[in-house]
file start.cif (mmCIF, C-alpha atoms)
data_query
loop_
_atom_site.group_PDB
_atom_site.id
_atom_site.type_symbol
_atom_site.label_atom_id
_atom_site.label_comp_id
_atom_site.auth_asym_id
_atom_site.auth_seq_id
_atom_site.Cartn_x
_atom_site.Cartn_y
_atom_site.Cartn_z
ATOM 1 C CA MET A 104 9.255 -15.081 23.020
ATOM 2 C CA GLU A 105 8.333 -13.271 19.849
ATOM 3 C CA GLU A 106 8.658 -9.921 21.613
ATOM 4 C CA THR A 107 12.403 -10.325 21.896
ATOM 5 C CA LYS A 108 13.011 -11.258 18.269
ATOM 6 C CA GLU A 109 14.756 -8.452 16.481
ATOM 7 C CA ARG A 110 12.923 -7.494 13.351
ATOM 8 C CA LYS A 111 14.301 -5.439 10.516
ATOM 9 C CA ILE A 112 11.647 -3.088 9.288
ATOM 10 C CA VAL A 113 12.331 -1.185 6.089
ATOM 11 C CA VAL A 114 10.326 1.997 5.613
ATOM 12 C CA ALA A 115 10.623 3.555 2.177
ATOM 13 C CA VAL A 116 10.767 7.328 2.576
ATOM 14 C CA ASP A 117 10.649 10.089 0.021
ATOM 15 C CA GLU A 118 9.473 13.656 -0.193
ATOM 16 C CA SER A 119 5.825 12.674 0.074
ATOM 17 C CA GLU A 120 3.568 13.117 3.071
ATOM 18 C CA GLU A 121 2.402 9.554 2.520
ATOM 19 C CA SER A 122 5.849 8.223 3.322
ATOM 20 C CA MET A 123 5.961 10.229 6.559
ATOM 21 C CA GLU A 124 2.557 8.806 7.401
ATOM 22 C CA ALA A 125 3.969 5.338 6.745
ATOM 23 C CA LEU A 126 6.912 6.073 9.034
ATOM 24 C CA SER A 127 4.682 7.395 11.782
ATOM 25 C CA TRP A 128 2.356 4.409 11.459
ATOM 26 C CA SER A 129 5.309 2.027 11.651
ATOM 27 C CA LEU A 130 6.576 3.592 14.855
ATOM 28 C CA ASP A 131 3.145 3.417 16.444
ATOM 29 C CA ASN A 132 2.417 -0.145 15.395
ATOM 30 C CA LEU A 133 5.599 -2.086 14.797
ATOM 31 C CA PHE A 134 7.857 -0.934 17.614
ATOM 32 C CA PRO A 135 6.109 -2.033 20.783
ATOM 33 C CA TYR A 136 7.736 -1.015 24.029
ATOM 34 C CA GLY A 137 10.787 -3.132 24.697
ATOM 35 C CA SER A 138 11.199 -4.441 21.163
ATOM 36 C CA ASN A 139 14.628 -4.710 19.610
ATOM 37 C CA ASN A 140 13.354 -3.938 16.153
ATOM 38 C CA THR A 141 15.508 -1.967 13.768
ATOM 39 C CA LEU A 142 14.048 0.776 11.608
ATOM 40 C CA ILE A 143 15.731 1.080 8.234
ATOM 41 C CA LEU A 144 14.886 4.303 6.452
ATOM 42 C CA LEU A 145 15.359 3.780 2.739
ATOM 43 C CA TYR A 146 15.459 6.645 0.277
ATOM 44 C CA VAL A 147 15.901 5.954 -3.412
ATOM 45 C CA LYS A 148 17.262 8.588 -5.753
ATOM 46 C CA PRO A 149 16.003 8.242 -9.308
ATOM 47 C CA PRO A 150 18.465 7.085 -11.978
ATOM 48 C CA LEU A 151 20.269 9.980 -13.615
ATOM 49 C CA SER A 152 18.743 8.920 -16.918
ATOM 50 C CA VAL A 153 15.427 10.253 -15.616
ATOM 51 C CA TYR A 154 16.853 13.724 -15.754
ATOM 52 C CA SER A 155 18.014 13.365 -19.315
ATOM 53 C CA SER A 156 14.550 12.191 -20.284
ATOM 54 C CA ILE A 157 13.082 15.239 -18.621
ATOM 55 C CA ASP A 158 15.512 17.324 -20.628
ATOM 56 C CA ALA A 159 14.736 15.452 -23.835
ATOM 57 C CA ALA A 160 11.048 15.955 -23.209
ATOM 58 C CA GLY A 161 11.568 19.679 -23.650
ATOM 59 C CA PHE A 162 12.092 21.047 -20.156
ATOM 60 C CA ILE A 163 14.374 24.034 -20.104
ATOM 61 C CA VAL A 164 17.436 23.328 -17.991
ATOM 62 C CA THR A 165 20.077 26.029 -17.917
ATOM 63 C CA GLY A 166 23.673 25.901 -16.641
ATOM 64 C CA ASP A 167 25.130 22.516 -15.750
ATOM 65 C CA PRO A 168 21.945 20.510 -15.475
ATOM 66 C CA VAL A 169 23.447 17.348 -13.996
ATOM 67 C CA ALA A 170 25.336 19.228 -11.273
ATOM 68 C CA ALA A 171 22.273 21.306 -10.468
ATOM 69 C CA LEU A 172 20.074 18.259 -10.277
ATOM 70 C CA LYS A 173 22.587 16.363 -8.145
ATOM 71 C CA LYS A 174 22.674 19.284 -5.736
ATOM 72 C CA TYR A 175 18.896 19.366 -5.772
ATOM 73 C CA GLU A 176 18.587 15.680 -5.056
ATOM 74 C CA HIS A 177 21.195 15.857 -2.301
ATOM 75 C CA GLU A 178 19.074 18.531 -0.689
ATOM 76 C CA LEU A 179 16.022 16.330 -1.166
ATOM 77 C CA VAL A 180 17.713 13.419 0.629
ATOM 78 C CA GLU A 181 18.720 15.696 3.490
ATOM 79 C CA SER A 182 15.278 17.197 3.664
ATOM 80 C CA VAL A 183 13.565 13.791 3.682
ATOM 81 C CA MET A 184 15.914 12.465 6.353
ATOM 82 C CA ALA A 185 15.413 15.604 8.459
ATOM 83 C CA ARG A 186 11.668 15.274 8.122
ATOM 84 C CA SER A 187 11.894 11.620 9.102
ATOM 85 C CA ARG A 188 13.896 12.680 12.159
ATOM 86 C CA THR A 189 11.121 14.975 13.314
ATOM 87 C CA VAL A 190 8.767 11.997 13.111
ATOM 88 C CA TYR A 191 10.900 9.519 15.019
ATOM 89 C CA GLN A 192 12.264 12.008 17.529
ATOM 90 C CA ASP A 193 8.803 12.281 19.046
ATOM 91 C CA PHE A 194 8.707 8.550 19.544
ATOM 92 C CA GLU A 195 9.223 7.703 23.157
ATOM 93 C CA SER A 196 11.178 4.450 22.986
ATOM 94 C CA ASP A 197 14.787 4.142 21.958
ATOM 95 C CA ILE A 198 14.961 2.368 18.669
ATOM 96 C CA ASN A 199 17.766 1.296 16.392
ATOM 97 C CA ILE A 200 17.732 3.366 13.248
ATOM 98 C CA GLU A 201 19.699 2.880 10.043
ATOM 99 C CA ARG A 202 19.593 5.046 6.966
ATOM 100 C CA ARG A 203 20.158 3.833 3.454
ATOM 101 C CA VAL A 204 20.193 5.783 0.242
ATOM 102 C CA GLY A 205 19.994 3.922 -3.053
ATOM 103 C CA ARG A 206 19.821 4.997 -6.656
ATOM 104 C CA GLY A 207 17.826 3.544 -9.498
ATOM 105 C CA ASP A 208 14.337 2.451 -10.261
ATOM 106 C CA ALA A 209 12.676 2.842 -6.844
ATOM 107 C CA LYS A 210 10.742 -0.407 -6.967
ATOM 108 C CA GLU A 211 13.764 -2.456 -8.003
ATOM 109 C CA VAL A 212 16.048 -0.815 -5.459
ATOM 110 C CA ILE A 213 13.528 -1.275 -2.645
ATOM 111 C CA ARG A 214 13.036 -4.900 -3.566
ATOM 112 C CA ASN A 215 16.786 -5.534 -3.728
ATOM 113 C CA VAL A 216 17.519 -3.827 -0.419
ATOM 114 C CA VAL A 217 14.732 -5.741 1.307
ATOM 115 C CA GLN A 218 16.052 -9.042 -0.025
ATOM 116 C CA LYS A 219 19.681 -8.229 0.722
ATOM 117 C CA LEU A 220 18.964 -7.178 4.297
ATOM 118 C CA MET A 221 16.590 -10.105 4.732
ATOM 119 C CA ALA A 222 14.143 -7.594 6.138
ATOM 120 C CA ASP A 223 11.122 -8.829 8.053
ATOM 121 C CA MET A 224 8.738 -6.183 6.764
ATOM 122 C CA LEU A 225 8.534 -3.443 4.198
ATOM 123 C CA VAL A 226 6.334 -0.409 4.813
ATOM 124 C CA ILE A 227 5.365 1.901 1.945
ATOM 125 C CA GLY A 228 3.105 4.914 1.821
ATOM 126 C CA THR A 229 0.901 5.117 -1.213
ATOM 127 C CA HIS A 230 0.882 8.129 -3.437
ATOM 128 C CA ASP A 231 -2.020 9.905 -4.923
ATOM 129 C CA TYR A 232 -0.082 11.781 -7.511
ATOM 130 C CA GLY A 233 -0.897 13.050 -10.936
ATOM 131 C CA PHE A 234 0.180 11.398 -14.129
ATOM 132 C CA PHE A 235 3.869 12.267 -14.261
ATOM 133 C CA LYS A 236 4.788 11.321 -10.714
ATOM 134 C CA ARG A 237 2.572 8.272 -10.871
ATOM 135 C CA ALA A 238 4.485 7.124 -13.933
ATOM 136 C CA LEU A 239 7.699 7.344 -11.906
ATOM 137 C CA LEU A 240 6.488 6.269 -8.492
ATOM 138 C CA GLY A 241 2.895 5.141 -8.522
ATOM 139 C CA SER A 242 3.452 1.490 -9.146
ATOM 140 C CA VAL A 243 6.086 1.044 -6.431
ATOM 141 C CA SER A 244 3.726 -0.278 -3.792
ATOM 142 C CA GLU A 245 1.956 -2.570 -6.255
ATOM 143 C CA TYR A 246 5.220 -3.957 -7.566
ATOM 144 C CA CYS A 247 6.610 -4.501 -4.080
ATOM 145 C CA ALA A 248 3.401 -6.100 -2.836
ATOM 146 C CA LYS A 249 3.792 -8.642 -5.630
ATOM 147 C CA ARG A 250 7.509 -9.172 -5.733
ATOM 148 C CA VAL A 251 8.927 -8.678 -2.260
ATOM 149 C CA LYS A 252 9.121 -11.869 -0.249
ATOM 150 C CA CYS A 253 8.436 -10.446 3.222
ATOM 151 C CA PRO A 254 5.132 -8.929 4.346
ATOM 152 C CA VAL A 255 4.444 -5.579 2.723
ATOM 153 C CA ILE A 256 2.453 -2.921 4.532
ATOM 154 C CA ILE A 257 0.776 -0.273 2.445
ATOM 155 C CA VAL A 258 -0.141 2.850 4.374
ATOM 156 C CA LYS A 259 -2.523 5.445 3.012
ATOM 157 C CA LYS A 260 -2.537 9.083 3.809
ATOM 158 C CA LYS A 261 -5.317 9.770 6.302
ATOM 159 C CA ASN A 262 -7.972 11.529 4.328
ATOM 160 C CA PRO A 263 -11.653 11.554 5.231
ATOM 161 C CA GLN A 264 -12.501 11.989 1.542
ATOM 162 C CA ASN A 265 -11.039 8.584 0.716
ATOM 163 C CA ASN A 266 -13.544 5.863 0.184
ATOM 164 C CA MET B 68 0.286 5.928 25.121
ATOM 165 C CA GLU B 69 -0.126 4.180 21.765
ATOM 166 C CA GLU B 70 0.185 0.785 23.469
ATOM 167 C CA THR B 71 -3.151 1.212 25.192
ATOM 168 C CA LYS B 72 -5.111 2.231 22.100
ATOM 169 C CA GLU B 73 -7.411 -0.537 21.034
ATOM 170 C CA ARG B 74 -6.927 -1.404 17.416
ATOM 171 C CA LYS B 75 -9.309 -3.391 15.278
ATOM 172 C CA ILE B 76 -7.348 -5.703 13.060
ATOM 173 C CA VAL B 77 -9.222 -7.526 10.333
ATOM 174 C CA VAL B 78 -7.570 -10.688 9.034
ATOM 175 C CA ALA B 79 -9.174 -12.157 5.944
ATOM 176 C CA VAL B 80 -9.179 -15.928 6.273
ATOM 177 C CA ASP B 81 -10.077 -18.620 3.810
ATOM 178 C CA GLU B 82 -9.108 -22.175 3.055
ATOM 179 C CA SER B 83 -5.618 -21.197 1.931
ATOM 180 C CA GLU B 84 -2.384 -21.706 3.802
ATOM 181 C CA GLU B 85 -1.499 -18.123 2.938
ATOM 182 C CA SER B 86 -4.360 -16.826 5.033
ATOM 183 C CA MET B 87 -3.236 -18.918 8.014
ATOM 184 C CA GLU B 88 0.249 -17.511 7.511
ATOM 185 C CA ALA B 89 -1.273 -14.026 7.535
ATOM 186 C CA LEU B 90 -3.110 -14.836 10.765
ATOM 187 C CA SER B 91 -0.012 -16.206 12.407
ATOM 188 C CA TRP B 92 2.041 -13.206 11.288
ATOM 189 C CA SER B 93 -0.609 -10.848 12.661
ATOM 190 C CA LEU B 94 -0.554 -12.493 16.069
ATOM 191 C CA ASP B 95 3.231 -12.339 16.217
ATOM 192 C CA ASN B 96 3.525 -8.759 15.065
ATOM 193 C CA LEU B 97 0.358 -6.818 15.789
ATOM 194 C CA PHE B 98 -0.651 -8.061 19.222
ATOM 195 C CA PRO B 99 2.195 -7.033 21.508
ATOM 196 C CA TYR B 100 1.927 -8.158 25.094
ATOM 197 C CA GLY B 101 -0.619 -6.066 26.953
ATOM 198 C CA SER B 102 -2.328 -4.654 23.881
ATOM 199 C CA ASN B 103 -6.097 -4.364 23.772
ATOM 200 C CA ASN B 104 -6.267 -5.040 20.090
ATOM 201 C CA THR B 105 -9.177 -6.959 18.662
ATOM 202 C CA LEU B 106 -8.686 -9.633 16.025
ATOM 203 C CA ILE B 107 -11.534 -9.853 13.565
ATOM 204 C CA LEU B 108 -11.465 -13.029 11.510
ATOM 205 C CA LEU B 109 -13.338 -12.415 8.297
ATOM 206 C CA TYR B 110 -14.392 -15.215 5.993
ATOM 207 C CA VAL B 111 -16.220 -14.430 2.769
ATOM 208 C CA LYS B 112 -18.382 -17.007 1.071
ATOM 209 C CA PRO B 113 -18.611 -16.575 -2.685
ATOM 210 C CA PRO B 114 -21.891 -15.333 -4.148
ATOM 211 C CA LEU B 115 -24.241 -18.172 -5.042
ATOM 212 C CA SER B 116 -24.095 -17.034 -8.652
ATOM 213 C CA VAL B 117 -20.550 -18.385 -8.751
ATOM 214 C CA TYR B 118 -21.951 -21.863 -8.449
ATOM 215 C CA SER B 119 -24.409 -21.405 -11.262
ATOM 216 C CA SER B 120 -21.580 -20.178 -13.470
ATOM 217 C CA ILE B 121 -19.615 -23.278 -12.599
ATOM 218 C CA ASP B 122 -22.649 -25.306 -13.578
ATOM 219 C CA ALA B 123 -23.135 -23.319 -16.771
ATOM 220 C CA ALA B 124 -19.500 -23.877 -17.622
ATOM 221 C CA GLY B 125 -20.188 -27.586 -17.929
ATOM 222 C CA PHE B 126 -19.359 -29.048 -14.542
ATOM 223 C CA ILE B 127 -21.486 -32.024 -13.656
ATOM 224 C CA VAL B 128 -23.496 -31.378 -10.496
ATOM 225 C CA THR B 129 -25.935 -34.081 -9.456
ATOM 226 C CA GLY B 130 -28.778 -33.995 -6.898
ATOM 227 C CA ASP B 131 -29.706 -30.634 -5.414
ATOM 228 C CA PRO B 132 -26.644 -28.657 -6.346
ATOM 229 C CA VAL B 133 -27.383 -25.535 -4.305
ATOM 230 C CA ALA B 134 -28.108 -27.467 -1.118
ATOM 231 C CA ALA B 135 -25.004 -29.602 -1.638
ATOM 232 C CA LEU B 136 -22.843 -26.553 -2.231
ATOM 233 C CA LYS B 137 -24.310 -24.714 0.751
ATOM 234 C CA LYS B 138 -23.485 -27.695 2.923
ATOM 235 C CA TYR B 139 -20.021 -27.778 1.420
ATOM 236 C CA GLU B 140 -19.416 -24.119 2.059
ATOM 237 C CA HIS B 141 -20.766 -24.359 5.597
ATOM 238 C CA GLU B 142 -18.200 -27.075 6.192
ATOM 239 C CA LEU B 143 -15.561 -24.858 4.626
ATOM 240 C CA VAL B 144 -16.383 -21.992 7.006
ATOM 241 C CA GLU B 145 -16.233 -24.347 9.981
ATOM 242 C CA SER B 146 -12.998 -25.847 8.757
ATOM 243 C CA VAL B 147 -11.389 -22.431 8.206
ATOM 244 C CA MET B 148 -12.504 -21.181 11.613
ATOM 245 C CA ALA B 149 -11.258 -24.372 13.277
ATOM 246 C CA ARG B 150 -7.919 -24.024 11.535
ATOM 247 C CA SER B 151 -7.731 -20.392 12.625
ATOM 248 C CA ARG B 152 -8.396 -21.541 16.173
ATOM 249 C CA THR B 153 -5.397 -23.859 16.115
ATOM 250 C CA VAL B 154 -3.293 -20.868 15.092
ATOM 251 C CA TYR B 155 -4.506 -18.450 17.744
ATOM 252 C CA GLN B 156 -4.825 -21.025 20.520
ATOM 253 C CA ASP B 157 -1.038 -21.312 20.575
ATOM 254 C CA PHE B 158 -0.735 -17.598 21.094
ATOM 255 C CA GLU B 159 0.193 -16.850 24.646
ATOM 256 C CA SER B 160 -1.669 -13.593 25.326
ATOM 257 C CA ASP B 161 -5.393 -13.287 25.765
ATOM 258 C CA ILE B 162 -6.823 -11.427 22.853
ATOM 259 C CA ASN B 163 -10.271 -10.298 21.863
ATOM 260 C CA ILE B 164 -11.468 -12.283 18.890
ATOM 261 C CA GLU B 165 -14.505 -11.714 16.715
ATOM 262 C CA ARG B 166 -15.619 -13.801 13.775
ATOM 263 C CA ARG B 167 -17.490 -12.510 10.796
ATOM 264 C CA VAL B 168 -18.766 -14.364 7.798
ATOM 265 C CA GLY B 169 -19.832 -12.426 4.728
ATOM 266 C CA ARG B 170 -21.060 -13.397 1.306
ATOM 267 C CA GLY B 171 -20.317 -11.863 -2.023
ATOM 268 C CA ASP B 172 -17.382 -10.734 -4.069
ATOM 269 C CA ALA B 173 -14.539 -11.216 -1.569
ATOM 270 C CA LYS B 174 -12.789 -7.946 -2.346
ATOM 271 C CA GLU B 175 -15.964 -5.895 -2.084
ATOM 272 C CA VAL B 176 -17.098 -7.607 1.103
ATOM 273 C CA ILE B 177 -13.691 -7.205 2.730
ATOM 274 C CA ARG B 178 -13.575 -3.556 1.794
ATOM 275 C CA ASN B 179 -17.099 -2.949 3.109
ATOM 276 C CA VAL B 180 -16.504 -4.738 6.392
ATOM 277 C CA VAL B 181 -13.249 -2.844 6.959
ATOM 278 C CA GLN B 182 -14.978 0.469 6.321
ATOM 279 C CA LYS B 183 -18.027 -0.373 8.388
ATOM 280 C CA LEU B 184 -15.996 -1.510 11.385
ATOM 281 C CA MET B 185 -13.628 1.415 10.951
ATOM 282 C CA ALA B 186 -10.834 -1.121 11.234
ATOM 283 C CA ASP B 187 -7.303 0.075 11.865
ATOM 284 C CA MET B 188 -5.612 -2.531 9.695
ATOM 285 C CA LEU B 189 -6.428 -5.203 7.182
ATOM 286 C CA VAL B 190 -4.184 -8.232 6.814
ATOM 287 C CA ILE B 191 -4.413 -10.463 3.746
ATOM 288 C CA GLY B 192 -2.387 -13.451 2.678
ATOM 289 C CA THR B 193 -1.519 -13.587 -0.991
ATOM 290 C CA HIS B 194 -2.355 -16.530 -3.116
ATOM 291 C CA ASP B 195 -0.244 -18.235 -5.648
ATOM 292 C CA TYR B 196 -3.020 -20.071 -7.362
ATOM 293 C CA GLY B 197 -3.561 -21.226 -10.864
ATOM 294 C CA PHE B 198 -5.756 -19.500 -13.368
ATOM 295 C CA PHE B 199 -9.222 -20.408 -12.117
ATOM 296 C CA LYS B 200 -8.754 -19.571 -8.467
ATOM 297 C CA ARG B 201 -6.730 -16.499 -9.335
ATOM 298 C CA ALA B 202 -9.646 -15.278 -11.405
ATOM 299 C CA LEU B 203 -11.855 -15.577 -8.337
ATOM 300 C CA LEU B 204 -9.461 -14.574 -5.605
ATOM 301 C CA GLY B 205 -6.145 -13.410 -6.962
ATOM 302 C CA SER B 206 -6.879 -9.757 -7.208
ATOM 303 C CA VAL B 207 -8.293 -9.400 -3.693
ATOM 304 C CA SER B 208 -5.083 -8.131 -2.138
ATOM 305 C CA GLU B 209 -4.396 -5.764 -5.032
ATOM 306 C CA TYR B 210 -7.909 -4.377 -4.935
ATOM 307 C CA CYS B 211 -7.846 -3.926 -1.180
ATOM 308 C CA ALA B 212 -4.404 -2.346 -1.232
ATOM 309 C CA LYS B 213 -5.818 0.271 -3.587
ATOM 310 C CA ARG B 214 -9.297 0.780 -2.232
ATOM 311 C CA VAL B 215 -9.254 0.201 1.500
ATOM 312 C CA LYS B 216 -8.630 3.337 3.527
ATOM 313 C CA CYS B 217 -6.674 1.820 6.416
ATOM 314 C CA PRO B 218 -3.200 0.298 6.147
ATOM 315 C CA VAL B 219 -3.210 -3.011 4.303
ATOM 316 C CA ILE B 220 -0.699 -5.706 5.127
ATOM 317 C CA ILE B 221 0.027 -8.293 2.491
ATOM 318 C CA VAL B 222 1.606 -11.450 3.835
ATOM 319 C CA LYS B 223 3.253 -14.002 1.579
ATOM 320 C CA LYS B 224 3.558 -17.663 2.232
ATOM 321 C CA LYS B 225 7.062 -18.394 3.463
ATOM 322 C CA ASN B 226 8.772 -20.074 0.567
ATOM 323 C CA PRO B 227 12.522 -20.089 0.012
ATOM 324 C CA GLN B 228 11.912 -20.417 -3.731
ATOM 325 C CA ASN B 229 10.259 -16.987 -3.855
ATOM 326 C CA ASN B 230 12.361 -14.238 -5.247
#

call {"tool": "encode", "arguments": {"input": "start.cif", "output": "structure tokens"}}
result
Amino acid sequence: MEETKERKIVVAVDESEESMEALSWSLDNLFPYGSNNTLILLYVKPPLSVYSSIDAAGFIVTGDPVAALKKYEHELVESVMARSRTVYQDFESDINIERRVGRGDAKEVIRNVVQKLMADMLVIGTHDYGFFKRALLGSVSEYCAKRVKCPVIIVKKKNPQNN
Amino acid sequence: MEETKERKIVVAVDESEESMEALSWSLDNLFPYGSNNTLILLYVKPPLSVYSSIDAAGFIVTGDPVAALKKYEHELVESVMARSRTVYQDFESDINIERRVGRGDAKEVIRNVVQKLMADMLVIGTHDYGFFKRALLGSVSEYCAKRVKCPVIIVKKKNPQNN
């Protein structure tokens, strides 16, 4: 009975290897043969205000910084989605795939999308970044684990050095 | 190919409804028909020192407190395992089930068992307890999400009031 229930599984993807690991893990574990589950790839672009804070913090940005950064982030989205495609293309079963791109504070956007779609699961890769990226992204999985209503799956990058 | 890989799935169970929800969710989502996955039910008894701190904090314990508490916790283990049985007995497929009972700081014991068994996943229900129980148990899922190497699945109690 449960096998035929269609589940909506949101996988948060970004430029990190961890998120590709999370995607790969999801395909291997949450899409059993014959399931009607839907994979929703969610990418969240940071709020534009992030860029102005980078600028204000003393980074040198020449030309039209907002246009350049928008182009850069568009390329990032495309690159992340293309990388995701290489992961799910290898997957043998046919699965329903949707892509969503949001903008804002990643944790808030992910939470809102999950609630709005009434998703059945959220899968997030965890990051092992340095200070700056951690400040932007590091608390996403923690926040979601606490605040998202559906089960949250936190996938680590495979690393034999981890303890 | 992936369907035939045998996965070891540790589900942390205790006296909470959340952990039974986590068990039920695991059966529905991680044991597709025909899988060879093994369900490892893990119950962790608190360290005995917890009881002496309760005593030290002014609780009135008459008779032989340690013997009484050991009896109580033995009954708890039996009760939790019996409750787990009612959950997995309804599950239609035959699955391999192992039971483990540890003692100590729940988060440390869970982490150690997961590492030792080289488990493929850890599933934990989250608690929405008051201060005292949260102090003992509340941070287990957070700790495990950070420190356990394999994917960690955090399952919430279904509650329409959650946001």

call {"tool": "interface_residues", "arguments": {"input": "start.cif", "of": "chain B", "to": "chain A", "cutoff": "9 Å", "atoms": "all atoms listed in the file", "output": "CSV table (one decimal) with C-alpha atoms, in the frame of the given file"}}
result
chain,number,residue,atom,x,y,z
B,69,GLU,CA,-0.1,4.2,21.8
B,70,GLU,CA,0.2,0.8,23.5
B,89,ALA,CA,-1.3,-14.0,7.5
B,92,TRP,CA,2.0,-13.2,11.3
B,95,ASP,CA,3.2,-12.3,16.2
B,96,ASN,CA,3.5,-8.8,15.1
B,97,LEU,CA,0.4,-6.8,15.8
B,99,PRO,CA,2.2,-7.0,21.5
B,100,TYR,CA,1.9,-8.2,25.1
B,182,GLN,CA,-15.0,0.5,6.3
B,190,VAL,CA,-4.2,-8.2,6.8
B,192,GLY,CA,-2.4,-13.5,2.7
B,193,THR,CA,-1.5,-13.6,-1.0
B,208,SER,CA,-5.1,-8.1,-2.1
B,209,GLU,CA,-4.4,-5.8,-5.0
B,212,ALA,CA,-4.4,-2.3,-1.2
B,213,LYS,CA,-5.8,0.3,-3.6
B,214,ARG,CA,-9.3,0.8,-2.2
B,215,VAL,CA,-9.3,0.2,1.5
B,216,LYS,CA,-8.6,3.3,3.5
B,217,CYS,CA,-6.7,1.8,6.4
B,218,PRO,CA,-3.2,0.3,6.1
B,219,VAL,CA,-3.2,-3.0,4.3
B,220,ILE,CA,-0.7,-5.7,5.1
B,221,ILE,CA,0.0,-8.3,2.5
B,222,VAL,CA,1.6,-11.4,3.8
B,223,LYS,CA,3.3,-14.0,1.6
B,224,LYS,CA,3.6,-17.7,2.2
B,225,LYS,CA,7.1,-18.4,3.5
B,226,ASN,CA,8.8,-20.1,0.6
B,227,PRO,CA,12.5,-20.1,0.0
B,229,ASN,CA,10.3,-17.0,-3.9
B,230,ASN,CA,12.4,-14.2,-5.2

call {"tool": "atom_distance", "arguments": {"input": "start.cif", "atom1": "atom CA of B:Ile162", "atom2": "atom CA of B:Val180"}}
result
20.2 Å

call {"tool": "closest_residue", "arguments": {"input": "start.cif", "among": "B:His141, B:Arg170, B:Lys183, B:Arg150", "to": "B:Val80", "atoms": "only C-alpha atoms"}}
result
B:Arg150

call {"tool": "resolve_selection", "arguments": {"input": "start.cif", "expression": "the PyMOL selection byres ((chain B and resi 171) around 10)", "output": "tab-separated table (two decimals) with C-alpha atoms, in the coordinates of the input"}}
result
chain	number	residue	atom	x	y	z
B	111	VAL	CA	-16.22	-14.43	2.77
B	112	LYS	CA	-18.38	-17.01	1.07
B	113	PRO	CA	-18.61	-16.58	-2.68
B	114	PRO	CA	-21.89	-15.33	-4.15
B	115	LEU	CA	-24.24	-18.17	-5.04
B	116	SER	CA	-24.10	-17.03	-8.65
B	117	VAL	CA	-20.55	-18.39	-8.75
B	169	GLY	CA	-19.83	-12.43	4.73
B	170	ARG	CA	-21.06	-13.40	1.31
B	172	ASP	CA	-17.38	-10.73	-4.07
B	173	ALA	CA	-14.54	-11.22	-1.57
B	174	LYS	CA	-12.79	-7.95	-2.35
B	175	GLU	CA	-15.96	-5.90	-2.08
B	176	VAL	CA	-17.10	-7.61	1.10
B	177	ILE	CA	-13.69	-7.20	2.73

call {"tool": "resolve_selection", "arguments": {"input": "start.cif", "expression": "the PyMOL selection byres ((chain A and resi 199) around 8)", "output": "PyMOL selection string"}}
result
chain A and resi 139-142+197-198+200-201

call {"tool": "residues_near_point", "arguments": {"input": "start.cif", "point": "(20.0, 10.4, 2.5)", "cutoff": "8 Å", "atoms": "all atoms listed in the file", "output": "list in words"}}
result
Tyr146, His177, Val180, Glu181, Val183, Met184, Arg202, Arg203 and Val204 of chain A

call {"tool": "atom_distance", "arguments": {"input": "start.cif", "atom1": "atom CA of B:Ala79", "atom2": "atom CA of B:Val181"}}
result
10.2 Å

call {"tool": "atom_distance", "arguments": {"input": "start.cif", "atom1": "atom CA of A:Leu172", "atom2": "atom CA of A:Glu121"}}
result
23.5 Å

call {"tool": "resolve_selection", "arguments": {"input": "start.cif", "expression": "the PyMOL selection byres ((chain A and resi 118) around 8)", "output": "ChimeraX atom specification"}}
result
/A:116-117,119-120,122,179,182-183

call {"tool": "residues_around", "arguments": {"input": "start.cif", "residues": "B:Val154", "least_positions_apart": "5", "cutoff": "8 Å", "atoms": "all atoms listed in the file", "output": "MDAnalysis selection string"}}
result
chainID B and resid 87 90:91

call {"tool": "build_atoms", "arguments": {"input": "start.cif", "residues": "stretch 246-254 of chain A", "atoms": "N, CA and C atoms", "output": "tab-separated table (two decimals), keeping the file's coordinate frame"}}
result
chain	number	residue	atom	x	y	z
A	246	TYR	N	4.11	-3.08	-7.17
A	246	TYR	CA	5.22	-3.96	-7.57
A	246	TYR	C	5.77	-4.68	-6.34
A	247	CYS	N	6.01	-3.91	-5.28
A	247	CYS	CA	6.61	-4.50	-4.08
A	247	CYS	C	5.66	-5.51	-3.44
A	248	ALA	N	4.36	-5.18	-3.44
A	248	ALA	CA	3.40	-6.10	-2.84
A	248	ALA	C	3.46	-7.45	-3.55
A	249	LYS	N	3.73	-7.40	-4.86
A	249	LYS	CA	3.79	-8.64	-5.63
A	249	LYS	C	5.13	-9.34	-5.52
A	250	ARG	N	6.20	-8.57	-5.53
A	250	ARG	CA	7.51	-9.17	-5.73
A	250	ARG	C	8.38	-9.33	-4.50
A	251	VAL	N	8.09	-8.59	-3.46
A	251	VAL	CA	8.93	-8.68	-2.26
A	251	VAL	C	8.46	-9.87	-1.44
A	252	LYS	N	9.43	-10.61	-0.92
A	252	LYS	CA	9.12	-11.87	-0.25
A	252	LYS	C	8.49	-11.67	1.14
A	253	CYS	N	8.92	-10.65	1.85
A	253	CYS	CA	8.44	-10.45	3.22
A	253	CYS	C	7.08	-9.72	3.20
A	254	PRO	N	6.39	-9.68	4.32
A	254	PRO	CA	5.13	-8.93	4.35
A	254	PRO	C	5.32	-7.45	3.97
